[in-house]
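Data block for run.cif (mmCIF, N, CA and C atoms):
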```
data_start
loop_
_atom_site.label_atom_id
_atom_site.label_comp_id
_atom_site.auth_asym_id
_atom_site.auth_seq_id
_atom_site.Cartn_x
_atom_site.Cartn_y
_atom_site.Cartn_z
N MET A 295 8.81 12.48 -19.37
CA MET A 295 8.35 11.11 -19.33
C MET A 295 9.55 10.21 -19.07
N THR A 296 9.37 9.22 -18.21
CA THR A 296 10.44 8.30 -17.89
C THR A 296 10.28 7.01 -18.69
N ALA A 297 11.38 6.27 -18.79
CA ALA A 297 11.35 4.98 -19.47
C ALA A 297 10.50 4.01 -18.67
N THR A 298 10.15 2.88 -19.28
CA THR A 298 9.32 1.90 -18.58
C THR A 298 10.17 0.86 -17.85
N THR A 299 11.43 0.71 -18.22
CA THR A 299 12.33 -0.18 -17.51
C THR A 299 13.68 0.49 -17.35
N HIS A 300 14.43 -0.03 -16.40
CA HIS A 300 15.77 0.49 -16.11
C HIS A 300 16.63 -0.68 -15.68
N TYR A 301 17.84 -0.79 -16.22
CA TYR A 301 18.78 -1.80 -15.79
C TYR A 301 20.19 -1.36 -16.12
N LYS A 302 21.05 -1.38 -15.12
CA LYS A 302 22.48 -1.11 -15.32
C LYS A 302 23.25 -2.31 -14.79
N ALA A 303 23.78 -3.09 -15.71
CA ALA A 303 24.52 -4.30 -15.36
C ALA A 303 25.88 -3.95 -14.77
N PRO A 304 26.33 -4.73 -13.78
CA PRO A 304 27.69 -4.50 -13.28
C PRO A 304 28.69 -4.94 -14.33
N SER A 305 29.75 -4.17 -14.46
CA SER A 305 30.81 -4.53 -15.41
C SER A 305 32.12 -3.97 -14.90
N GLY A 306 33.19 -4.51 -15.40
CA GLY A 306 34.52 -4.01 -15.04
C GLY A 306 34.72 -3.95 -13.54
N PHE A 307 35.04 -2.75 -13.06
CA PHE A 307 35.31 -2.55 -11.63
C PHE A 307 34.11 -2.95 -10.78
N ASP A 308 32.90 -2.62 -11.22
CA ASP A 308 31.71 -2.92 -10.43
C ASP A 308 31.56 -4.42 -10.19
N ALA A 309 31.81 -5.22 -11.22
CA ALA A 309 31.69 -6.67 -11.08
C ALA A 309 32.73 -7.19 -10.09
N ALA A 310 33.96 -6.70 -10.18
CA ALA A 310 35.01 -7.11 -9.25
C ALA A 310 34.69 -6.64 -7.83
N PHE A 311 34.19 -5.42 -7.69
CA PHE A 311 33.82 -4.89 -6.38
C PHE A 311 32.71 -5.73 -5.76
N ASN A 312 31.70 -6.09 -6.55
CA ASN A 312 30.61 -6.94 -6.06
C ASN A 312 31.13 -8.28 -5.54
N ARG A 313 32.06 -8.89 -6.29
CA ARG A 313 32.63 -10.17 -5.85
C ARG A 313 33.37 -10.00 -4.53
N ALA A 314 34.13 -8.92 -4.40
CA ALA A 314 34.88 -8.68 -3.17
C ALA A 314 33.95 -8.43 -1.98
N VAL A 315 32.91 -7.64 -2.18
CA VAL A 315 31.94 -7.36 -1.10
C VAL A 315 31.22 -8.64 -0.70
N ARG A 316 30.82 -9.43 -1.68
CA ARG A 316 30.14 -10.69 -1.38
C ARG A 316 31.06 -11.62 -0.60
N TRP A 317 32.33 -11.71 -0.99
CA TRP A 317 33.30 -12.55 -0.31
C TRP A 317 33.44 -12.11 1.15
N LEU A 318 33.53 -10.81 1.39
CA LEU A 318 33.65 -10.29 2.75
C LEU A 318 32.39 -10.58 3.56
N ALA A 319 31.22 -10.34 2.97
CA ALA A 319 29.96 -10.60 3.68
C ALA A 319 29.83 -12.08 4.03
N ASP A 320 30.25 -12.95 3.13
CA ASP A 320 30.19 -14.39 3.38
C ASP A 320 31.06 -14.78 4.57
N ARG A 321 32.07 -13.98 4.85
CA ARG A 321 32.97 -14.26 5.96
C ARG A 321 32.65 -13.44 7.21
N GLY A 322 31.50 -12.76 7.19
CA GLY A 322 31.03 -12.06 8.37
C GLY A 322 31.48 -10.63 8.50
N VAL A 323 32.19 -10.11 7.51
CA VAL A 323 32.65 -8.73 7.58
C VAL A 323 31.50 -7.80 7.21
N ASN A 324 31.19 -6.87 8.09
CA ASN A 324 30.09 -5.92 7.87
C ASN A 324 30.66 -4.71 7.14
N LEU A 325 30.64 -4.75 5.84
CA LEU A 325 31.12 -3.65 5.01
C LEU A 325 29.93 -2.79 4.60
N ALA A 326 29.69 -1.72 5.34
CA ALA A 326 28.58 -0.80 5.09
C ALA A 326 27.23 -1.52 5.09
N GLY A 327 27.11 -2.58 5.88
CA GLY A 327 25.84 -3.28 6.01
C GLY A 327 25.59 -4.37 4.98
N ALA A 328 26.57 -4.68 4.15
CA ALA A 328 26.37 -5.64 3.07
C ALA A 328 26.08 -7.04 3.58
N GLN A 329 25.18 -7.71 2.89
CA GLN A 329 24.86 -9.11 3.10
C GLN A 329 24.84 -9.79 1.74
N THR A 330 24.90 -11.10 1.74
CA THR A 330 24.79 -11.85 0.48
C THR A 330 23.36 -12.35 0.34
N LEU A 331 22.74 -12.01 -0.78
CA LEU A 331 21.41 -12.51 -1.13
C LEU A 331 21.62 -13.70 -2.05
N THR A 332 20.96 -14.81 -1.73
CA THR A 332 20.98 -15.99 -2.59
C THR A 332 19.56 -16.27 -3.03
N VAL A 333 19.37 -16.37 -4.34
CA VAL A 333 18.05 -16.64 -4.90
C VAL A 333 18.23 -17.68 -6.01
N VAL A 334 17.25 -18.56 -6.15
CA VAL A 334 17.29 -19.59 -7.20
C VAL A 334 16.95 -18.94 -8.53
N GLY A 335 17.77 -19.21 -9.54
CA GLY A 335 17.54 -18.68 -10.87
C GLY A 335 16.25 -19.21 -11.47
N ARG A 336 15.48 -18.34 -12.07
CA ARG A 336 14.17 -18.72 -12.61
C ARG A 336 14.30 -19.57 -13.86
N LYS A 337 15.41 -19.47 -14.57
CA LYS A 337 15.60 -20.26 -15.79
C LYS A 337 16.53 -21.45 -15.55
N THR A 338 17.62 -21.21 -14.82
CA THR A 338 18.63 -22.25 -14.64
C THR A 338 18.37 -23.14 -13.43
N GLY A 339 17.65 -22.62 -12.44
CA GLY A 339 17.47 -23.37 -11.20
C GLY A 339 18.69 -23.34 -10.31
N MET A 340 19.73 -22.64 -10.75
CA MET A 340 20.98 -22.55 -9.99
C MET A 340 20.93 -21.34 -9.06
N PRO A 341 21.56 -21.45 -7.88
CA PRO A 341 21.56 -20.31 -6.97
C PRO A 341 22.39 -19.15 -7.53
N GLN A 342 21.86 -17.96 -7.37
CA GLN A 342 22.56 -16.73 -7.76
C GLN A 342 22.85 -15.98 -6.47
N ARG A 343 24.09 -15.50 -6.33
CA ARG A 343 24.49 -14.81 -5.11
C ARG A 343 24.98 -13.41 -5.45
N VAL A 344 24.41 -12.42 -4.78
CA VAL A 344 24.79 -11.02 -5.01
C VAL A 344 24.83 -10.27 -3.67
N PRO A 345 25.72 -9.29 -3.57
CA PRO A 345 25.73 -8.48 -2.35
C PRO A 345 24.59 -7.46 -2.39
N VAL A 346 23.95 -7.26 -1.24
CA VAL A 346 22.86 -6.29 -1.11
C VAL A 346 23.00 -5.56 0.22
N ASN A 347 22.34 -4.41 0.31
CA ASN A 347 22.25 -3.66 1.56
C ASN A 347 20.80 -3.68 2.00
N VAL A 348 20.54 -4.22 3.18
CA VAL A 348 19.18 -4.24 3.72
C VAL A 348 18.98 -2.94 4.49
N LEU A 349 17.95 -2.21 4.11
CA LEU A 349 17.61 -0.94 4.75
C LEU A 349 16.60 -1.19 5.86
N ARG A 350 16.90 -0.71 7.05
CA ARG A 350 15.95 -0.75 8.16
C ARG A 350 15.37 0.64 8.31
N LEU A 351 14.04 0.75 8.20
CA LEU A 351 13.37 2.04 8.24
C LEU A 351 12.03 1.88 8.95
N ASP A 352 11.83 2.65 9.99
CA ASP A 352 10.56 2.65 10.74
C ASP A 352 10.10 1.25 11.13
N GLY A 353 11.04 0.45 11.60
CA GLY A 353 10.71 -0.88 12.08
C GLY A 353 10.54 -1.93 11.00
N ALA A 354 10.74 -1.58 9.76
CA ALA A 354 10.63 -2.53 8.65
C ALA A 354 11.97 -2.65 7.94
N GLU A 355 12.13 -3.69 7.14
CA GLU A 355 13.34 -3.89 6.35
C GLU A 355 12.98 -3.92 4.88
N TYR A 356 13.90 -3.37 4.05
CA TYR A 356 13.66 -3.26 2.62
C TYR A 356 14.93 -3.60 1.84
N LEU A 357 14.73 -4.11 0.63
CA LEU A 357 15.79 -4.23 -0.36
C LEU A 357 15.42 -3.30 -1.50
N VAL A 358 16.40 -2.50 -1.92
CA VAL A 358 16.20 -1.53 -2.99
C VAL A 358 17.16 -1.89 -4.12
N ALA A 359 16.63 -1.99 -5.33
CA ALA A 359 17.44 -2.35 -6.50
C ALA A 359 17.67 -1.12 -7.35
N VAL A 360 18.62 -0.29 -6.94
CA VAL A 360 18.91 0.95 -7.66
C VAL A 360 19.33 0.67 -9.10
N ARG A 361 19.96 -0.48 -9.34
CA ARG A 361 20.36 -0.84 -10.71
C ARG A 361 19.15 -1.14 -11.59
N GLY A 362 17.99 -1.32 -10.98
CA GLY A 362 16.77 -1.54 -11.76
C GLY A 362 16.34 -3.00 -11.80
N ASP A 363 15.86 -3.41 -12.94
CA ASP A 363 15.27 -4.73 -13.15
C ASP A 363 16.37 -5.77 -13.36
N THR A 364 17.14 -6.01 -12.30
CA THR A 364 18.30 -6.90 -12.36
C THR A 364 17.87 -8.36 -12.39
N GLN A 365 18.85 -9.24 -12.60
CA GLN A 365 18.56 -10.68 -12.57
C GLN A 365 18.05 -11.10 -11.21
N TRP A 366 18.67 -10.59 -10.12
CA TRP A 366 18.20 -11.02 -8.80
C TRP A 366 16.77 -10.55 -8.55
N VAL A 367 16.41 -9.37 -9.07
CA VAL A 367 15.05 -8.86 -8.92
C VAL A 367 14.07 -9.78 -9.65
N ARG A 368 14.37 -10.11 -10.89
CA ARG A 368 13.48 -10.97 -11.67
C ARG A 368 13.37 -12.36 -11.05
N ASN A 369 14.50 -12.86 -10.55
CA ASN A 369 14.48 -14.17 -9.89
C ASN A 369 13.68 -14.12 -8.60
N ALA A 370 13.84 -13.07 -7.81
CA ALA A 370 13.13 -12.94 -6.53
C ALA A 370 11.62 -12.81 -6.76
N ARG A 371 11.22 -12.14 -7.82
CA ARG A 371 9.79 -12.02 -8.11
C ARG A 371 9.17 -13.40 -8.33
N VAL A 372 9.91 -14.29 -8.94
CA VAL A 372 9.41 -15.64 -9.21
C VAL A 372 9.53 -16.52 -7.97
N ALA A 373 10.68 -16.45 -7.30
CA ALA A 373 10.94 -17.33 -6.16
C ALA A 373 10.14 -16.94 -4.92
N GLY A 374 10.00 -15.65 -4.69
CA GLY A 374 9.27 -15.20 -3.50
C GLY A 374 10.11 -15.18 -2.24
N THR A 375 10.93 -16.22 -2.03
CA THR A 375 11.82 -16.24 -0.87
C THR A 375 13.27 -16.26 -1.34
N VAL A 376 14.12 -15.70 -0.48
CA VAL A 376 15.56 -15.66 -0.74
C VAL A 376 16.26 -15.91 0.59
N GLU A 377 17.55 -16.15 0.51
CA GLU A 377 18.36 -16.26 1.73
C GLU A 377 19.23 -15.02 1.83
N LEU A 378 19.30 -14.44 3.03
CA LEU A 378 20.22 -13.35 3.33
C LEU A 378 21.27 -13.89 4.29
N ARG A 379 22.52 -13.58 4.03
CA ARG A 379 23.60 -14.14 4.82
C ARG A 379 24.69 -13.11 5.07
N ARG A 380 25.19 -13.11 6.28
CA ARG A 380 26.45 -12.43 6.61
C ARG A 380 27.16 -13.36 7.57
N GLY A 381 28.29 -13.88 7.12
CA GLY A 381 29.02 -14.85 7.92
C GLY A 381 28.18 -16.09 8.16
N ARG A 382 28.09 -16.51 9.42
CA ARG A 382 27.32 -17.71 9.76
C ARG A 382 25.83 -17.42 9.93
N ARG A 383 25.48 -16.14 10.01
CA ARG A 383 24.07 -15.77 10.20
C ARG A 383 23.33 -15.84 8.87
N ARG A 384 22.34 -16.70 8.82
CA ARG A 384 21.53 -16.89 7.60
C ARG A 384 20.06 -16.77 7.96
N ALA A 385 19.30 -16.19 7.05
CA ALA A 385 17.86 -16.09 7.25
C ALA A 385 17.17 -16.25 5.91
N VAL A 386 16.16 -17.13 5.89
CA VAL A 386 15.31 -17.24 4.71
C VAL A 386 14.19 -16.22 4.91
N VAL A 387 14.02 -15.35 3.93
CA VAL A 387 13.05 -14.26 4.04
C VAL A 387 12.15 -14.23 2.82
N THR A 388 10.99 -13.63 3.00
CA THR A 388 10.06 -13.41 1.91
C THR A 388 10.24 -11.98 1.41
N LEU A 389 10.26 -11.81 0.11
CA LEU A 389 10.34 -10.48 -0.49
C LEU A 389 9.00 -10.17 -1.13
N THR A 390 8.44 -9.03 -0.76
CA THR A 390 7.18 -8.57 -1.33
C THR A 390 7.42 -7.21 -1.96
N GLU A 391 7.25 -7.13 -3.27
CA GLU A 391 7.49 -5.86 -3.96
C GLU A 391 6.43 -4.84 -3.54
N ILE A 392 6.88 -3.64 -3.22
CA ILE A 392 5.93 -2.62 -2.78
C ILE A 392 5.53 -1.73 -3.96
N ASP A 393 4.35 -1.18 -3.85
CA ASP A 393 3.78 -0.32 -4.88
C ASP A 393 4.68 0.88 -5.14
N PRO A 394 4.86 1.28 -6.39
CA PRO A 394 5.71 2.43 -6.70
C PRO A 394 5.31 3.70 -5.94
N ALA A 395 4.04 3.88 -5.64
CA ALA A 395 3.60 5.08 -4.92
C ALA A 395 4.16 5.11 -3.49
N LEU A 396 4.52 3.94 -2.95
CA LEU A 396 5.05 3.86 -1.58
C LEU A 396 6.57 3.85 -1.53
N ARG A 397 7.22 3.82 -2.66
CA ARG A 397 8.68 3.67 -2.72
C ARG A 397 9.49 4.92 -2.41
N PRO A 398 9.05 6.14 -2.76
CA PRO A 398 9.94 7.29 -2.63
C PRO A 398 10.61 7.48 -1.26
N PRO A 399 9.90 7.38 -0.12
CA PRO A 399 10.63 7.59 1.14
C PRO A 399 11.67 6.50 1.42
N VAL A 400 11.40 5.28 0.95
CA VAL A 400 12.35 4.19 1.14
C VAL A 400 13.58 4.44 0.26
N ILE A 401 13.35 4.81 -0.99
CA ILE A 401 14.46 5.10 -1.90
C ILE A 401 15.27 6.28 -1.38
N ARG A 402 14.61 7.33 -0.91
CA ARG A 402 15.32 8.51 -0.39
C ARG A 402 16.24 8.12 0.76
N GLU A 403 15.74 7.32 1.70
CA GLU A 403 16.56 6.90 2.85
C GLU A 403 17.70 5.98 2.40
N TYR A 404 17.41 5.11 1.45
CA TYR A 404 18.46 4.24 0.90
C TYR A 404 19.58 5.08 0.29
N LEU A 405 19.19 6.09 -0.49
CA LEU A 405 20.20 6.96 -1.11
C LEU A 405 20.93 7.80 -0.07
N ARG A 406 20.24 8.20 0.98
CA ARG A 406 20.91 8.96 2.05
C ARG A 406 22.01 8.10 2.66
N ARG A 407 21.71 6.83 2.83
CA ARG A 407 22.66 5.94 3.49
C ARG A 407 23.74 5.40 2.55
N TRP A 408 23.35 5.00 1.34
CA TRP A 408 24.30 4.36 0.43
C TRP A 408 24.47 5.07 -0.91
N GLY A 409 24.00 6.28 -1.03
CA GLY A 409 24.11 7.00 -2.30
C GLY A 409 25.53 7.14 -2.79
N TRP A 410 26.48 7.27 -1.87
CA TRP A 410 27.89 7.37 -2.23
C TRP A 410 28.34 6.14 -3.02
N GLU A 411 27.69 5.00 -2.75
CA GLU A 411 28.07 3.73 -3.36
C GLU A 411 27.27 3.44 -4.63
N VAL A 412 26.00 3.84 -4.65
CA VAL A 412 25.10 3.40 -5.72
C VAL A 412 24.53 4.53 -6.58
N GLY A 413 24.85 5.77 -6.28
CA GLY A 413 24.26 6.90 -7.00
C GLY A 413 24.47 6.85 -8.50
N ARG A 414 25.57 6.29 -8.94
CA ARG A 414 25.86 6.25 -10.39
C ARG A 414 24.96 5.27 -11.14
N PHE A 415 24.21 4.45 -10.41
CA PHE A 415 23.34 3.46 -11.05
C PHE A 415 21.90 3.95 -11.18
N LEU A 416 21.62 5.14 -10.73
CA LEU A 416 20.25 5.66 -10.79
C LEU A 416 19.78 5.80 -12.23
N PRO A 417 18.47 5.72 -12.46
CA PRO A 417 17.93 5.92 -13.81
C PRO A 417 18.28 7.32 -14.35
N ALA A 418 18.38 7.42 -15.65
CA ALA A 418 18.66 8.71 -16.29
C ALA A 418 17.64 9.74 -15.84
N GLY A 419 18.11 10.92 -15.51
CA GLY A 419 17.24 12.00 -15.07
C GLY A 419 17.08 12.07 -13.56
N LEU A 420 17.69 11.12 -12.84
CA LEU A 420 17.59 11.10 -11.39
C LEU A 420 18.99 11.19 -10.81
N GLU A 421 19.12 11.93 -9.72
CA GLU A 421 20.41 12.04 -9.04
C GLU A 421 20.17 12.09 -7.54
N LEU A 422 21.23 12.04 -6.78
CA LEU A 422 21.10 12.00 -5.32
C LEU A 422 20.33 13.20 -4.78
N ALA A 423 20.49 14.36 -5.39
CA ALA A 423 19.84 15.58 -4.91
C ALA A 423 18.50 15.84 -5.58
N SER A 424 17.94 14.86 -6.26
CA SER A 424 16.66 15.05 -6.95
C SER A 424 15.55 15.41 -5.97
N SER A 425 14.59 16.15 -6.47
CA SER A 425 13.44 16.54 -5.65
C SER A 425 12.57 15.32 -5.36
N ASP A 426 11.69 15.47 -4.37
CA ASP A 426 10.74 14.40 -4.06
C ASP A 426 9.86 14.09 -5.26
N GLU A 427 9.50 15.12 -6.04
CA GLU A 427 8.66 14.92 -7.22
C GLU A 427 9.38 14.09 -8.27
N ASP A 428 10.67 14.40 -8.51
CA ASP A 428 11.44 13.63 -9.48
C ASP A 428 11.62 12.19 -9.00
N LEU A 429 11.86 12.03 -7.72
CA LEU A 429 12.01 10.69 -7.16
C LEU A 429 10.73 9.89 -7.35
N ALA A 430 9.58 10.51 -7.09
CA ALA A 430 8.30 9.84 -7.27
C ALA A 430 8.07 9.47 -8.74
N ALA A 431 8.49 10.36 -9.65
CA ALA A 431 8.30 10.11 -11.08
C ALA A 431 9.13 8.92 -11.57
N HIS A 432 10.26 8.64 -10.89
CA HIS A 432 11.15 7.54 -11.29
C HIS A 432 10.99 6.29 -10.42
N ALA A 433 10.15 6.35 -9.40
CA ALA A 433 10.05 5.25 -8.43
C ALA A 433 9.68 3.92 -9.08
N GLY A 434 8.92 3.95 -10.15
CA GLY A 434 8.55 2.71 -10.83
C GLY A 434 9.71 2.00 -11.49
N LEU A 435 10.84 2.70 -11.65
CA LEU A 435 12.03 2.13 -12.27
C LEU A 435 12.98 1.51 -11.26
N ILE A 436 12.72 1.71 -9.97
CA ILE A 436 13.60 1.22 -8.93
C ILE A 436 12.82 0.23 -8.06
N PRO A 437 12.99 -1.07 -8.30
CA PRO A 437 12.26 -2.05 -7.51
C PRO A 437 12.61 -1.95 -6.02
N VAL A 438 11.59 -2.03 -5.18
CA VAL A 438 11.75 -2.02 -3.72
C VAL A 438 10.93 -3.17 -3.16
N PHE A 439 11.56 -3.95 -2.30
CA PHE A 439 10.90 -5.10 -1.69
C PHE A 439 10.89 -4.97 -0.18
N ALA A 440 9.75 -5.26 0.43
CA ALA A 440 9.67 -5.41 1.88
C ALA A 440 10.23 -6.79 2.21
N VAL A 441 11.04 -6.84 3.27
CA VAL A 441 11.68 -8.08 3.70
C VAL A 441 11.00 -8.54 4.98
N THR A 442 10.46 -9.75 4.97
CA THR A 442 9.84 -10.31 6.17
C THR A 442 10.31 -11.75 6.36
N ALA A 443 10.21 -12.23 7.59
CA ALA A 443 10.59 -13.60 7.88
C ALA A 443 9.71 -14.56 7.08
N ALA A 444 10.33 -15.58 6.50
CA ALA A 444 9.56 -16.59 5.75
C ALA A 444 8.82 -17.47 6.73
N HIS A 445 7.65 -17.91 6.35
CA HIS A 445 6.82 -18.75 7.24
C HIS A 445 6.96 -20.20 6.88
#
```
Write-out of the structure in structure tokens:
Amino acid sequence: MTATTHYKAPSGFDAAFNRAVRWLADRGVNLAGAQTLTVVGRKTGMPQRVPVNVLRLDGAEYLVAVRGDTQWVRNARVAGTVELRRGRRRAVVTLTEIDPALRPPVIREYLRRWGWEVGRFLPAGLELASSDEDLAAHAGLIPVFAVTAAH
């Protein structure tokens, strides 16, 4: 049985690394596909900025929160739209959370591409080489959002 929630907060090196990646993305440097996500805080109303990797798969784009139920995830659920930025290129997009039953292939591809970077943040009991069944069993702990142009 898996837990009902999962969250691994950045700390120490991870927090410094996130700041550095965000700084580079803000200046247009494509570091493994990183972009800066900006979302309005649901409690403070202040913008929150975090580096993210947008996954392109079968003609669609996705954001995967391997760290789990993060602040940006909770804020995005409330806000609905966020800004994605790399350098001068900015796009306001809509995030739609996808059903856990549809997440495993997206998570698998995300891990194939960025597992070297994010594998340590996976929920307990899950690893990069986990079976499809294990991945499906943990999919509810890893938020996945479809990214579409805002209207």
Just want the 8 Å neighbourhood of A:Asn369, counted on all atoms listed in the file, with same-chain residues fewer than 4 positions away dropped. Output as a list in words.
Val333, Val334, Gly335, Arg336, Lys337, Asp363, Thr364, Gln365, Ala373, Gly374 and Thr375 of chain A
Just the selected residues (N, CA and C atoms), exported as an mmCIF file, keeping the file's coordinate frame, please.
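Printed below is again_1.cif as written:
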```cif
data_model
loop_
_atom_site.group_PDB
_atom_site.id
_atom_site.type_symbol
_atom_site.label_atom_id
_atom_site.label_comp_id
_atom_site.auth_asym_id
_atom_site.auth_seq_id
_atom_site.Cartn_x
_atom_site.Cartn_y
_atom_site.Cartn_z
ATOM 1 N N VAL A 333 19.370 -16.370 -4.340
ATOM 2 C CA VAL A 333 18.050 -16.640 -4.900
ATOM 3 C C VAL A 333 18.230 -17.680 -6.010
ATOM 4 N N VAL A 334 17.250 -18.560 -6.150
ATOM 5 C CA VAL A 334 17.290 -19.590 -7.200
ATOM 6 C C VAL A 334 16.950 -18.940 -8.530
ATOM 7 N N GLY A 335 17.770 -19.210 -9.540
ATOM 8 C CA GLY A 335 17.540 -18.680 -10.870
ATOM 9 C C GLY A 335 16.250 -19.210 -11.470
ATOM 10 N N ARG A 336 15.480 -18.340 -12.070
ATOM 11 C CA ARG A 336 14.170 -18.720 -12.610
ATOM 12 C C ARG A 336 14.300 -19.570 -13.860
ATOM 13 N N LYS A 337 15.410 -19.470 -14.570
ATOM 14 C CA LYS A 337 15.600 -20.260 -15.790
ATOM 15 C C LYS A 337 16.530 -21.450 -15.550
ATOM 16 N N ASP A 363 15.860 -3.410 -12.940
ATOM 17 C CA ASP A 363 15.270 -4.730 -13.150
ATOM 18 C C ASP A 363 16.370 -5.770 -13.360
ATOM 19 N N THR A 364 17.140 -6.010 -12.300
ATOM 20 C CA THR A 364 18.300 -6.900 -12.360
ATOM 21 C C THR A 364 17.870 -8.360 -12.390
ATOM 22 N N GLN A 365 18.850 -9.240 -12.600
ATOM 23 C CA GLN A 365 18.560 -10.680 -12.570
ATOM 24 C C GLN A 365 18.050 -11.100 -11.210
ATOM 25 N N ALA A 373 10.680 -16.450 -7.300
ATOM 26 C CA ALA A 373 10.940 -17.330 -6.160
ATOM 27 C C ALA A 373 10.140 -16.940 -4.920
ATOM 28 N N GLY A 374 10.000 -15.650 -4.690
ATOM 29 C CA GLY A 374 9.270 -15.200 -3.500
ATOM 30 C C GLY A 374 10.110 -15.180 -2.240
ATOM 31 N N THR A 375 10.930 -16.220 -2.030
ATOM 32 C CA THR A 375 11.820 -16.240 -0.870
ATOM 33 C C THR A 375 13.270 -16.260 -1.340
#
```
Translate the PyMOL selection byres (((chain A and resi 441 and name CA) around 12) and name CA) into a concrete residue list for this structure, as a ChimeraX atom specification.
/A:331,347-351,353-358,370,374-378,385-392,438-440,442-444
Once DSSP has gone over the backbone, tell me which residues of chain A are in strand (DSSP E or B), as JSON, numbers by chain.
{"A": [301, 328, 329, 330, 331, 332, 333, 334, 341, 342, 343, 344, 345, 346, 347, 348, 349, 350, 351, 354, 355, 356, 357, 358, 362, 375, 376, 377, 378, 379, 380, 383, 384, 385, 386, 387, 388, 389, 390, 391, 438, 439, 440, 441, 442, 443]}
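Residue selection for this entry, given the PyMOL selection byres (((chain A and resi 361 and name CA) around 10) and name CA), comprises His300, Tyr301, Lys302, Ala303, Pro304, Val358, Ala359, Val360, Gly362, Asp363, Thr364, Val367, Val412, Gly413, Arg414, Phe415, Leu416, Pro417, Leu435, Ile436 and Pro437 of chain A.
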Apply DSSP to the structure's backbone, then extract all residues of stretch 296-440 of chain A labelled helix (DSSP H, G or I) and return them as a ChimeraX atom specification.
/A:307-320,365-373,394-396,398-415,426-435
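In this model, the gap between atom C of A:Val346 and atom C of A:Thr330 comes to 6.8 Å.
In this model, the gap between atom C of A:Leu405 and atom CA of A:Leu429 comes to 11.8 Å.
Of the listed residues (A:Met340, A:Ala328, A:Leu422, A:Val400), A:Ala328 comes nearest to A:Arg379; the distances count all atoms listed in the file.
The coordinates place atom CA of A:Thr332 at 13.2 Å from atom CA of A:Arg383.
With distances restricted to only N, CA and C atoms, A:Gly434 is the closest residue to A:Thr299 from A:Arg380, A:Pro398, A:His445, A:Gly434.
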